[in-house]
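Take a look at the structure below.
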Amino acid sequence: MAETLESKEAPVMGSSGEADPSLRAPFLWLLGPAAVWLWVATILALLGSLKLVDPRFLGAWGWLTFGRISPAAFLSFVYGFGIPVGLSAALWAVTKGGRLPLLGRRWCLASSFLWNVGLWGGITGVLAGESRSLSWLGLPTFSLPSLGLAYLLLAGWLVAALVSRWEEASLASRFLLLGLVWIPWAGGVAALMMHDPAVRGVAMGSLEWWFNDGLLYAGLGAFALGIVYLLAPTSLGRPLAFSRLGRLAFWAWALFANLAGTAHLVGGPFPLWMVSLGVSSRFLLWVAAVAVGVGFWVAVRRRPAEKRDWDPSWHFLRFGMSSFLVAAGLGALLVLPAWSRYVHYTVLEEAQLILFLYGFLGMTFFSLLYALLPRVLGRPWPSPTLAKAHFWLSSYGISFLVGLLAVGGLFQGVGLDEPELPIHEVIVLLLPFLRSAAAPATALLAAHAVFGLHLLWLILESGASRRGDEESALARAGMEGVRTP
Amino acid sequence: MTEQKRVLLGILLATGVGWLLLAWLPLQKLGPASGSADGAPFGRAAIGGQIYAANGCASCHTQVVRPPNLGSDIARGWGARRTLPSDYREEHIIPLGVLRLGPDLSDVGERRTDPHWYYRFLYDPRATYPGTVMPSYRYLFARVPLLGTSLPDSLPLAGRDAPPPGFQVVPSPEARALVAYLLSLKRVPPEEAGKTP
């Protein structure tokens with residue numbers, strides 16, 4: 001009975017065994033810079049948080065003004081950390097968990113190089129004041145050709161490989177394919193329209209929000225859901241339950257993630273049908289999220305008892321899925337006109353965004369990294385204590401940050417709705433929450449620093465053991481050479 | 001057609017539906033009426049719009065007046081009526097904003113008409129509103145030697161903010177452009193003021 005309910009996800013990660021050595025360099029080229037971008041994003045976010053504590057902090061430098069570092073932090077996280085990890089998940093899937101050799105390895109390296117050069121230029125441009133303040137479309141024009149070419153070099157190959165090595169029953173492949181295809185499709189169109197001077201008027205606003213929500217849900221969200229399906233057979237010991245429901249959820253996700261963006265435009269200068277489409281799509285995305293969540297929790301309940309020891313990948317995955325369900329639910333409820341009156345343009349919406357970005361995407365991506373890197377590098381993570389410290393600092397950091405912003409946002413919303421209360425007094429109501437948020441932001445920075453050090457340790461150990469293996473192999477060869485004659 | 005091709009086609013179509021409904025259709029129905037750019041900010045105000053965007057002002061300020069049933073924007077005096085698509089008809093950068101850590105600026109040019117107020121405020125927001133979270137934009141100002149009398153736009157600074165003797169603080173071209181942009185923000189035409197459709 002149980003088997004008929006489960007998806008037929010093939011376990012791409014064996015419980016043991018090293019990945020093909022040809023995969024080491026591509027993964028390190030993708031994930032090494034991603035870890036650096038994660039630090040950059042966190043440091044910028046912490047600086048932004050400190051500037052809300054005291055706006056005069058580093059106030060003489062235009063490069064570090066709040067309006068520049070805040071988008072730079074989000075852009076670094078999404079483009080520097082999120083997309084490379086999503087591409088790594090697809091690479092892991094098409095090589096069947098590192099068991100198949102990688103063709104087109106040089107493309108992968110060239111892509112990573114171009115991507116990081118373009119992104120360094122782009123983030124520097126945002127800090128230098130070259131952004132057009134278009135949220136996820138905020139990277140300066142000059143960085144886009146390099147980023148576009150880099151993405152196409154790798155994603156084009158990955159799409160071809162995913163399609164040619166297609167597994168009928170795999171929901172992971174479907175979600176990963178959605179992420180791989182959506183980003184260049186929508187990003188290319190949005191960039192072209194944004195740079196066409198004939199495109200003017202509020203259509204630019206709806207274009208921006210179509211891309212913003214699409215990137216989060218159909219791009220990165222699809223990568224993260226692909227990772228959930230990919231990891232379930234090894235982390236949970238079985239695939240997610242209710243495969244048919246999962247397929248329906250996939251199609252709902254693919255369609256409504258493209259239509260949900262206009263939910264941000266409640267009360268804005270747009271026709272009612274556009275806003276209603278966005279609001280109803282947010283609700284249907286929540287339904288799809290619940291469908292995936294039910295499959296996940298049913299699989300968790302049937303998880304074999306011997307799997308219940310402390311496994312970092314599993315803990316990050318569980319936190320990620322919990323955040324996913326809460327963030328999707330909040331995303332649907334906050335845009336209802338009755339609530340939107342109080343919560344629109346407040347930090348409660350920021351709380352929902354942070355829960356989705358750091359709670360769902362970030363934690364699910366870490367889950368993949370904890371499962372994948374030991375196999376790629378051929379060594380286990382050196383310190384379970386550091387992995388635990390990373391998890392607990394992240395989970396407390398995210399929970400308190402989201403909680404403080406959510407409660408502060410309610411105060412802000414009620415204050416904003418009171419016309420007699422001047423705006424600066426509304427912000428005074430909010431200040432204790434904004435200032436307290438610096439503490440969990442520091443915890444997140446510490447968590448990411450711990451992860452970075454742990455990763456560095458793993459890479460160094462793996463390099464040392466490789467050298468040791470090579471030396472012993474040479475010594476053996478030499479001995480054999482002596483014996484042979 | 002194989003299953004993988006069907007899935008790929010479905011993804012492309014779903015994305016296409018989103019683009020059609022939320023990008024192409026609004027451009028046809030809500031975009032500019034003609035190829036001309038009449039009505040868009042021009043000259044110094046247009047440059048100021050770019051400076052507004054580059055400094056991330058939309059991170060804390062919106063430019064959307066919501067209708068009375070969806071907020072107190074009109075009661076607060078942020079606009080005489082809700083923002084309409086025609087208010088943005090000819091603009092290429094649409095700074096609708098994401099967060100309100102400061103007031104809505106759709107009609108700020110109607111509420112504050114003195115450029116010197118803006119210069120003083122941008123230089124040190126806390127001198128006007130103690131405790132505000134708005135950062136100082138001192139990097140948009142320059143300290144220049146005082147030759148004879150003060151320049152007309154020099155800032156009347158005292159105390160900790162006062163420049164050394166023999167110097168004065170004046171707005172840079174970027175600050176002048178930004179203030180020109182803010183003064184141009186009068187999205188509700190005067191003949192419509194007071195009407196609420």
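Residues in the structure tokens are named by chain (A, B, ... in the order shown) and by number from 1 within that chain; ligands are numbered from 1 in the order shown.
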
(message) Show me, as a ChimeraX atom specification, the residues that have an atom within 12 Å of His61 of chain B when counting only C-alpha atoms, minus same-chain residues fewer than 6 positions from it.
(response) /A:67,133,345-346,423 /B:52-53,55,78,95-106,108,134,182

Could you produce a table of the residues of chain B lying within 6 Å of chain A, with the nearest pair of atoms per residue and their separation in Å rounded to one decimal, using only C-alpha atoms, ordered by chain and increasing residue number, as a Markdown table?
```
| residue | atom | partner | partner_atom | distance |
| --- | --- | --- | --- | --- |
| B:Gln4 | CA | A:Val163 | CA | 5.9 |
| B:Ala14 | CA | A:Leu255 | CA | 4.9 |
| B:Thr15 | CA | A:Asn258 | CA | 6.0 |
| B:Gly18 | CA | A:Asn258 | CA | 4.8 |
| B:Leu22 | CA | A:Ser206 | CA | 5.8 |
| B:Ala23 | CA | A:Leu207 | CA | 4.8 |
| B:Pro26 | CA | A:Ala203 | CA | 5.1 |
| B:Leu27 | CA | A:Ala203 | CA | 5.0 |
| B:Gly31 | CA | A:Gly201 | CA | 4.9 |
| B:Ala53 | CA | A:Ser133 | CA | 4.9 |
| B:Ala54 | CA | A:Gly129 | CA | 4.6 |
| B:Asn55 | CA | A:Gly67 | CA | 5.3 |
| B:Gly56 | CA | A:Gly67 | CA | 3.8 |
| B:Cys57 | CA | A:Gly67 | CA | 5.9 |
| B:Ser59 | CA | A:Gly67 | CA | 5.9 |
| B:Arg66 | CA | A:Gly267 | CA | 4.9 |
| B:Leu70 | CA | A:Arg341 | CA | 4.6 |
| B:Gly71 | CA | A:Arg341 | CA | 5.1 |
| B:Ser72 | CA | A:Asp417 | CA | 5.2 |
| B:Ala75 | CA | A:Pro419 | CA | 5.8 |
| B:Arg76 | CA | A:Pro419 | CA | 5.0 |
| B:Thr83 | CA | A:Pro269 | CA | 5.4 |
| B:Leu84 | CA | A:Pro269 | CA | 4.6 |
| B:Pro85 | CA | A:Pro269 | CA | 4.9 |
| B:Tyr88 | CA | A:Gly201 | CA | 4.9 |
| B:Arg89 | CA | A:Gly201 | CA | 4.2 |
| B:Glu90 | CA | A:Gly201 | CA | 5.4 |
| B:Glu91 | CA | A:Gly201 | CA | 5.3 |
| B:His92 | CA | A:Arg200 | CA | 4.6 |
| B:Val98 | CA | A:Tyr345 | CA | 5.6 |
| B:Leu99 | CA | A:Tyr345 | CA | 4.1 |
| B:Arg100 | CA | A:Tyr345 | CA | 5.3 |
| B:Val133 | CA | A:Pro55 | CA | 5.6 |
| B:Pro135 | CA | A:Pro55 | CA | 4.7 |
| B:Tyr139 | CA | A:Gly62 | CA | 5.8 |
```

Using only N, CA and C atoms, please write the residues we just selected to a file, as a short mmCIF file (atom, residue, chain, number, x, y, z; two decimals), in the first residue's frame.
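See selection_22.cif below for the written result:
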```
data_model
loop_
_atom_site.label_atom_id
_atom_site.label_comp_id
_atom_site.auth_asym_id
_atom_site.auth_seq_id
_atom_site.Cartn_x
_atom_site.Cartn_y
_atom_site.Cartn_z
N GLN B 4 9.61 13.82 -21.75
CA GLN B 4 10.49 14.93 -21.39
C GLN B 4 10.24 16.14 -22.27
N ALA B 14 3.96 27.66 -19.85
CA ALA B 14 3.54 28.28 -18.57
C ALA B 14 4.25 29.62 -18.39
N THR B 15 5.55 29.65 -18.72
CA THR B 15 6.28 30.91 -18.59
C THR B 15 5.75 31.92 -19.60
N GLY B 18 2.63 33.63 -18.37
CA GLY B 18 2.96 34.68 -17.41
C GLY B 18 3.42 35.94 -18.12
N LEU B 22 1.24 39.34 -17.87
CA LEU B 22 1.77 40.32 -16.92
C LEU B 22 2.82 41.25 -17.52
N ALA B 23 3.25 41.01 -18.74
CA ALA B 23 4.22 41.91 -19.36
C ALA B 23 3.69 42.47 -20.69
N PRO B 26 -0.20 44.24 -20.36
CA PRO B 26 -0.17 45.57 -19.73
C PRO B 26 0.53 46.61 -20.60
N LEU B 27 1.54 46.17 -21.34
CA LEU B 27 2.23 47.12 -22.21
C LEU B 27 1.29 47.63 -23.30
N GLY B 31 0.43 50.96 -21.42
CA GLY B 31 1.69 51.62 -21.78
C GLY B 31 1.44 52.97 -22.42
N ALA B 53 16.94 56.23 -8.16
CA ALA B 53 16.99 54.77 -8.32
C ALA B 53 18.33 54.22 -7.85
N ALA B 54 19.43 54.88 -8.23
CA ALA B 54 20.77 54.36 -7.93
C ALA B 54 21.04 54.31 -6.44
N ASN B 55 20.44 55.23 -5.68
CA ASN B 55 20.68 55.25 -4.23
C ASN B 55 19.66 54.44 -3.46
N GLY B 56 18.82 53.72 -4.19
CA GLY B 56 17.89 52.79 -3.55
C GLY B 56 16.84 53.48 -2.70
N CYS B 57 16.42 54.69 -3.10
CA CYS B 57 15.39 55.40 -2.31
C CYS B 57 14.10 54.58 -2.24
N SER B 59 13.86 51.63 -1.68
CA SER B 59 13.93 50.61 -0.62
C SER B 59 13.10 51.03 0.59
N ARG B 66 -2.58 54.54 -2.34
CA ARG B 66 -3.61 53.50 -2.41
C ARG B 66 -5.01 54.11 -2.20
N LEU B 70 -8.02 50.75 1.11
CA LEU B 70 -6.83 49.91 1.28
C LEU B 70 -5.71 50.60 2.05
N GLY B 71 -6.04 51.68 2.74
CA GLY B 71 -5.01 52.33 3.54
C GLY B 71 -5.34 53.79 3.77
N SER B 72 -4.51 54.41 4.61
CA SER B 72 -4.79 55.79 5.01
C SER B 72 -4.01 56.81 4.18
N ALA B 75 -5.90 60.00 3.44
CA ALA B 75 -6.16 60.70 4.70
C ALA B 75 -4.89 61.33 5.27
N ARG B 76 -3.75 60.73 4.98
CA ARG B 76 -2.47 61.30 5.44
C ARG B 76 -2.03 62.48 4.59
N THR B 83 -3.27 56.49 -7.05
CA THR B 83 -2.42 56.54 -8.24
C THR B 83 -3.08 55.76 -9.38
N LEU B 84 -3.03 56.34 -10.57
CA LEU B 84 -3.64 55.70 -11.74
C LEU B 84 -2.54 55.32 -12.74
N PRO B 85 -2.82 54.37 -13.63
CA PRO B 85 -1.79 54.00 -14.63
C PRO B 85 -1.31 55.21 -15.43
N TYR B 88 1.90 57.27 -14.61
CA TYR B 88 3.23 56.77 -14.95
C TYR B 88 3.37 56.55 -16.46
N ARG B 89 2.44 57.07 -17.20
CA ARG B 89 2.29 56.67 -18.60
C ARG B 89 3.59 56.75 -19.41
N GLU B 90 4.36 57.79 -19.20
CA GLU B 90 5.52 58.00 -20.08
C GLU B 90 6.84 57.69 -19.40
N GLU B 91 6.83 57.16 -18.18
CA GLU B 91 8.09 56.97 -17.47
C GLU B 91 8.68 55.58 -17.72
N HIS B 92 10.01 55.53 -17.75
CA HIS B 92 10.68 54.26 -18.03
C HIS B 92 11.12 53.60 -16.72
N VAL B 98 8.96 49.14 -2.25
CA VAL B 98 8.63 47.88 -1.59
C VAL B 98 8.35 48.03 -0.10
N LEU B 99 8.76 49.14 0.49
CA LEU B 99 8.69 49.26 1.94
C LEU B 99 8.46 50.73 2.29
N ARG B 100 7.75 50.95 3.41
CA ARG B 100 7.52 52.33 3.85
C ARG B 100 8.21 52.56 5.19
N VAL B 133 15.35 56.88 10.82
CA VAL B 133 16.30 55.87 10.34
C VAL B 133 16.86 56.25 8.97
N PRO B 135 19.24 57.57 6.31
CA PRO B 135 20.68 57.89 6.37
C PRO B 135 20.96 59.29 5.85
N TYR B 139 27.44 62.59 1.08
CA TYR B 139 28.31 62.38 -0.08
C TYR B 139 27.75 63.03 -1.35
#
```

(request) List every residue of chain B that DSSP, applied to the backbone of this structure, assigns to helix (DSSP H, G or I), and report them as JSON, numbers by chain. (result) {"B": [3, 4, 5, 6, 7, 8, 9, 10, 11, 12, 13, 14, 15, 16, 17, 18, 19, 20, 21, 22, 23, 24, 25, 26, 27, 28, 29, 30, 43, 44, 45, 46, 47, 48, 49, 50, 51, 52, 53, 54, 57, 58, 59, 68, 69, 70, 85, 86, 87, 88, 108, 109, 110, 111, 115, 116, 117, 118, 119, 120, 121, 122, 123, 125, 126, 127, 128, 138, 139, 140, 159, 160, 161, 173, 174, 175, 176, 177, 178, 179, 180, 181, 182, 183, 184, 190, 191, 192]}

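Those residues in segment 38-187 of chain B carrying a DSSP assignment of strand (DSSP E), computed from the backbone, are Phe141, Ala142, Arg143, Val144, Pro145, Phe167, Gln168, Val169, Val170 and Pro171 of chain B.
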
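The spacing separating atom CA of Leu317 of chain A from atom CA of Pro26 of chain A amounts to 24.0 Å.
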
(request) Pick out the residues sitting within 8 Å of Pro156 of chain B, and hand them over as a PyMOL selection string; count only C-alpha atoms, and ignore anything fewer than 2 positions along from it in its own chain. (result) chain B and resi 120+154+158

Now that the selection is made, can you save its residues with N, CA, C and O atoms as an mmCIF file, in the first residue's frame?
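So the final result, stored in again-v8.cif, reads:
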```
data_model
loop_
_atom_site.group_PDB
_atom_site.id
_atom_site.type_symbol
_atom_site.label_atom_id
_atom_site.label_comp_id
_atom_site.auth_asym_id
_atom_site.auth_seq_id
_atom_site.Cartn_x
_atom_site.Cartn_y
_atom_site.Cartn_z
ATOM 1 N N ARG B 120 18.849 70.620 3.165
ATOM 2 C CA ARG B 120 19.149 70.493 4.596
ATOM 3 C C ARG B 120 18.779 69.106 5.105
ATOM 4 O O ARG B 120 19.507 68.496 5.886
ATOM 5 N N SER B 154 24.229 77.467 -0.329
ATOM 6 C CA SER B 154 25.056 76.904 0.743
ATOM 7 C C SER B 154 24.164 76.592 1.946
ATOM 8 O O SER B 154 23.184 77.309 2.227
ATOM 9 N N ALA B 158 25.195 74.495 11.579
ATOM 10 C CA ALA B 158 25.737 74.984 12.856
ATOM 11 C C ALA B 158 26.132 73.788 13.701
ATOM 12 O O ALA B 158 25.755 72.640 13.409
#
```
